[in-house]
Amino acid sequence: MTSESSPGFFSRHANKFKYLAGFVGGGYLLSKYAIYKFNQFTIKQDVDLQARSNLKRRFEQNLQDCFFVVTSLLPSLSDNLFQELNVELLTTDLKLVGAKDQKRLMWNKLKLQTFTRTLSSIYLLNLLTLFTTIQLSLLGRLVYLDSVIALNSHDSETDEMVRCVDENTERQYLTLSWYILNVGWKKFIEQFQVIVKLKLDGIPLNSPINHDALLDIIKDIRTEFENSKPSWDTFLMPAEGHEEEIMSDGGKVKVDMKTNPRLLELVQETRDFLESPDFNNVLSSCLDESFTLLYELFKPTFYDSVVSLNPHKVSFSAGEGSTDSLEDITSKSVALAGLLPLVSRSVHQILNGMPNVFVDVLSSNPKLKTYSVVVYSGWE
């Protein structure tokens, strides 16, 4: 009976079994599709993670390269500054002068040149650092895009692909730094020394100066100069339309941007970044940290309690069990003439220090890092 009723059962429920079979088969296919999509998602996650890791690694390497390049360029800047403002030669000549009036004039010249050279070195170091950061971040962006294109290309002729930037363009573009090292620094000195003279002329060399007073003098010079709204880009790049001449002089090879649209784009984008409000904000932050470090370097001369110095902090010893801070200790006073060697020596730490604590401070500036990220990641 069972065998006879079975066909009737299947017959009566044929549609249901068709639905069930379709459901089971469809579920199997859906499962296979889900696994496929999951695998795709996992692969995409791995690729995205690899890409982010690659981007981060390249960016960090780019920052390291930036400060390596700055350090390598500083000797050239230092040579020019020391030749133009030869405080050491002036000091030697001063010892040979007997006439009182002539000696007074030379002392005043020594005072102006000493402050001009040291304070200018901080400005020029900061300008060179920001300019180099912009340059290498722009190039780093293009090199990274080249790596992504190469990674995603399955064409056997990948080596023949059109690159975002070639080595020749890189080399020509980087020679723009020739300008600040050979022209811009002198334009800066010409403007800055006018402010230094204005602020220092009225301060006699025998004036007693303590640490706070020295800081006030420097801050006054800095405020006066920065309030004059100097065009920072004029110290870093030639007038628009003269870039080819500078790159040709710097690289000793004729440069024609009309036949190299990528080079023209890099130059124009660099100028845009230099003229942006962000550049001024970042420069101001970097200058603040650099001058703070300079002030710290001066402290051992004025406080007997200072026992050690590092790029970020001065420590001191005020006696066992003492809870005094430097602010509670009276600063010694030194005649301005006696402080000139201190101010003069500082330029060696700013431009020729090994390791260079001023470059180290800039390398850890958060606003400079953020600015570099903005430039590096600004692809369209």
# chains A, B, ... in the order shown; residues from 1 in each chain; ligands from 1
$ residues_around --residues "range 269-286 of chain A" --least-positions-apart "4" --cutoff "7 Å" --atoms "only C-alpha atoms" --output "list in words"
Asn126, Ile134, Asp233, Glu265, Ser290, Leu362, Asn365, Lys367 and Leu368 of chain A
$ write_last_selection --atoms "C-alpha atoms" --output "mmCIF file, in the first residue's frame"
data_model
loop_
_atom_site.group_PDB
_atom_site.id
_atom_site.type_symbol
_atom_site.label_atom_id
_atom_site.label_comp_id
_atom_site.auth_asym_id
_atom_site.auth_seq_id
_atom_site.Cartn_x
_atom_site.Cartn_y
_atom_site.Cartn_z
ATOM 1 C CA ASN A 126 63.001 77.467 9.133
ATOM 2 C CA ILE A 134 56.828 71.233 0.342
ATOM 3 C CA ASP A 233 58.056 83.507 -0.866
ATOM 4 C CA GLU A 265 52.715 72.189 -12.482
ATOM 5 C CA SER A 290 63.219 77.474 17.354
ATOM 6 C CA LEU A 362 61.596 71.145 13.718
ATOM 7 C CA ASN A 365 56.796 69.954 15.179
ATOM 8 C CA LYS A 367 51.991 71.478 12.663
ATOM 9 C CA LEU A 368 54.817 70.874 10.208
#
$ closest_atom_pairs --of "range 185-213 of chain A" --to "range 75-88 of chain A" --cutoff "10 Å" --atoms "only C-alpha atoms" --output "CSV"
residue,atom,partner,partner_atom,distance
A:Trp185,CA,A:Leu77,CA,7.8
A:Lys186,CA,A:Leu81,CA,8.4
A:Ile189,CA,A:Leu81,CA,9.0
$ write_last_selection --atoms "N, CA, C and O atoms" --output "mmCIF file, in the first residue's frame"
data_model
loop_
_atom_site.group_PDB
_atom_site.id
_atom_site.type_symbol
_atom_site.label_atom_id
_atom_site.label_comp_id
_atom_site.auth_asym_id
_atom_site.auth_seq_id
_atom_site.Cartn_x
_atom_site.Cartn_y
_atom_site.Cartn_z
ATOM 1 N N TRP A 185 68.757 84.218 0.604
ATOM 2 C CA TRP A 185 69.315 84.495 1.927
ATOM 3 C C TRP A 185 69.823 85.922 2.023
ATOM 4 O O TRP A 185 69.678 86.580 3.064
ATOM 5 N N LYS A 186 70.395 86.428 0.924
ATOM 6 C CA LYS A 186 70.942 87.778 0.940
ATOM 7 C C LYS A 186 69.826 88.815 0.942
ATOM 8 O O LYS A 186 69.924 89.862 1.602
ATOM 9 N N ILE A 189 68.701 89.015 4.513
ATOM 10 C CA ILE A 189 69.622 89.779 5.363
ATOM 11 C C ILE A 189 69.432 91.281 5.164
ATOM 12 O O ILE A 189 69.418 92.058 6.127
#
$ atom_distance --atom1 "CA of Leu94 in chain A" --atom2 "CA of Asp201 in chain A"
18.6 Å
$ residues_around --residues "Val255 in chain A" --least-positions-apart "4" --cutoff "7 Å" --atoms "only C-alpha atoms" --output "list in words"
Glu244, Met247 and Ser248 of chain A
$ write_last_selection --atoms "N, CA, C and O atoms" --output "short mmCIF file (atom, residue, chain, number, x, y, z; two decimals), in the first residue's frame"
data_model
loop_
_atom_site.label_atom_id
_atom_site.label_comp_id
_atom_site.auth_asym_id
_atom_site.auth_seq_id
_atom_site.Cartn_x
_atom_site.Cartn_y
_atom_site.Cartn_z
N GLU A 244 62.74 79.26 -14.65
CA GLU A 244 63.60 78.50 -15.57
C GLU A 244 65.05 78.95 -15.46
O GLU A 244 65.97 78.12 -15.47
N MET A 247 66.52 77.47 -12.18
CA MET A 247 66.75 76.02 -12.27
C MET A 247 67.88 75.71 -13.24
O MET A 247 68.62 74.74 -13.04
N SER A 248 68.03 76.52 -14.27
CA SER A 248 69.13 76.33 -15.22
C SER A 248 70.46 76.64 -14.55
O SER A 248 71.44 75.91 -14.71
#
$ select_by_dssp --residues "range 177-374 of chain A" --states "strand (DSSP E or B)" --output "mmCIF file with N, CA, C and O atoms, in the first residue's frame"
data_model
loop_
_atom_site.group_PDB
_atom_site.id
_atom_site.type_symbol
_atom_site.label_atom_id
_atom_site.label_comp_id
_atom_site.auth_asym_id
_atom_site.auth_seq_id
_atom_site.Cartn_x
_atom_site.Cartn_y
_atom_site.Cartn_z
ATOM 1 N N PRO A 208 73.702 96.637 31.383
ATOM 2 C CA PRO A 208 73.595 95.336 32.046
ATOM 3 C C PRO A 208 72.350 94.601 31.530
ATOM 4 O O PRO A 208 71.243 95.139 31.539
ATOM 5 N N ILE A 209 72.558 93.373 31.079
ATOM 6 C CA ILE A 209 71.470 92.603 30.473
ATOM 7 C C ILE A 209 71.343 91.264 31.206
ATOM 8 O O ILE A 209 72.314 90.514 31.303
ATOM 9 N N VAL A 306 71.851 75.985 36.397
ATOM 10 C CA VAL A 306 71.623 75.138 35.231
ATOM 11 C C VAL A 306 72.760 74.144 35.099
ATOM 12 O O VAL A 306 73.917 74.518 35.055
ATOM 13 N N VAL A 307 72.420 72.866 35.059
ATOM 14 C CA VAL A 307 73.473 71.849 35.003
ATOM 15 C C VAL A 307 73.442 71.023 33.728
ATOM 16 O O VAL A 307 74.396 70.344 33.415
ATOM 17 N N SER A 308 72.345 71.010 32.997
ATOM 18 C CA SER A 308 72.298 70.227 31.771
ATOM 19 C C SER A 308 71.310 70.842 30.801
ATOM 20 O O SER A 308 70.441 71.617 31.190
ATOM 21 N N LEU A 309 71.474 70.464 29.554
ATOM 22 C CA LEU A 309 70.641 71.058 28.513
ATOM 23 C C LEU A 309 70.353 70.027 27.441
ATOM 24 O O LEU A 309 71.221 69.294 27.013
ATOM 25 N N VAL A 314 65.705 72.627 29.971
ATOM 26 C CA VAL A 314 66.883 72.931 30.777
ATOM 27 C C VAL A 314 66.614 72.434 32.187
ATOM 28 O O VAL A 314 65.583 72.736 32.779
ATOM 29 N N SER A 315 67.519 71.643 32.735
ATOM 30 C CA SER A 315 67.365 71.205 34.112
ATOM 31 C C SER A 315 68.364 71.957 34.978
ATOM 32 O O SER A 315 69.327 72.528 34.485
ATOM 33 N N PHE A 316 68.108 71.967 36.279
ATOM 34 C CA PHE A 316 68.956 72.769 37.156
ATOM 35 C C PHE A 316 69.022 72.125 38.533
ATOM 36 O O PHE A 316 68.240 71.251 38.885
ATOM 37 N N VAL A 334 74.792 90.689 32.631
ATOM 38 C CA VAL A 334 76.071 90.767 31.926
ATOM 39 C C VAL A 334 75.985 91.938 30.963
ATOM 40 O O VAL A 334 74.929 92.177 30.354
ATOM 41 N N ALA A 335 77.096 92.680 30.844
ATOM 42 C CA ALA A 335 77.110 93.788 29.886
ATOM 43 C C ALA A 335 76.811 93.258 28.488
ATOM 44 O O ALA A 335 77.237 92.158 28.122
#
$ atom_distance --atom1 "CA of Met257 in chain A" --atom2 "CA of Glu243 in chain A"
8.9 Å
$ closest_residue --among "A:Pro230, A:Gln268, A:Thr71, A:Leu294" --to "Arg345 in chain A" --atoms "only C-alpha atoms"
A:Leu294
$ closest_residue --among "A:Thr91, A:Pro204, A:Asp146, A:Leu74" --to "Leu336 in chain A" --atoms "only C-alpha atoms"
A:Pro204
$ residues_around --residues "Ile122 in chain A" --least-positions-apart "6" --cutoff "9 Å" --atoms "only C-alpha atoms" --output "ChimeraX atom specification"
/A:287,290-291,294,347,350-351,358
$ write_last_selection --atoms "C-alpha atoms" --output "short mmCIF file (atom, residue, chain, number, x, y, z; two decimals), in the first residue's frame"
data_model
loop_
_atom_site.label_atom_id
_atom_site.label_comp_id
_atom_site.auth_asym_id
_atom_site.auth_seq_id
_atom_site.Cartn_x
_atom_site.Cartn_y
_atom_site.Cartn_z
CA LEU A 287 59.80 79.85 14.62
CA SER A 290 63.22 77.47 17.35
CA PHE A 291 63.46 80.72 19.30
CA LEU A 294 67.64 79.50 21.48
CA VAL A 347 74.89 80.28 15.16
CA ILE A 350 71.88 76.42 14.59
CA LEU A 351 73.64 75.78 11.28
CA PHE A 358 67.37 72.88 15.97
#
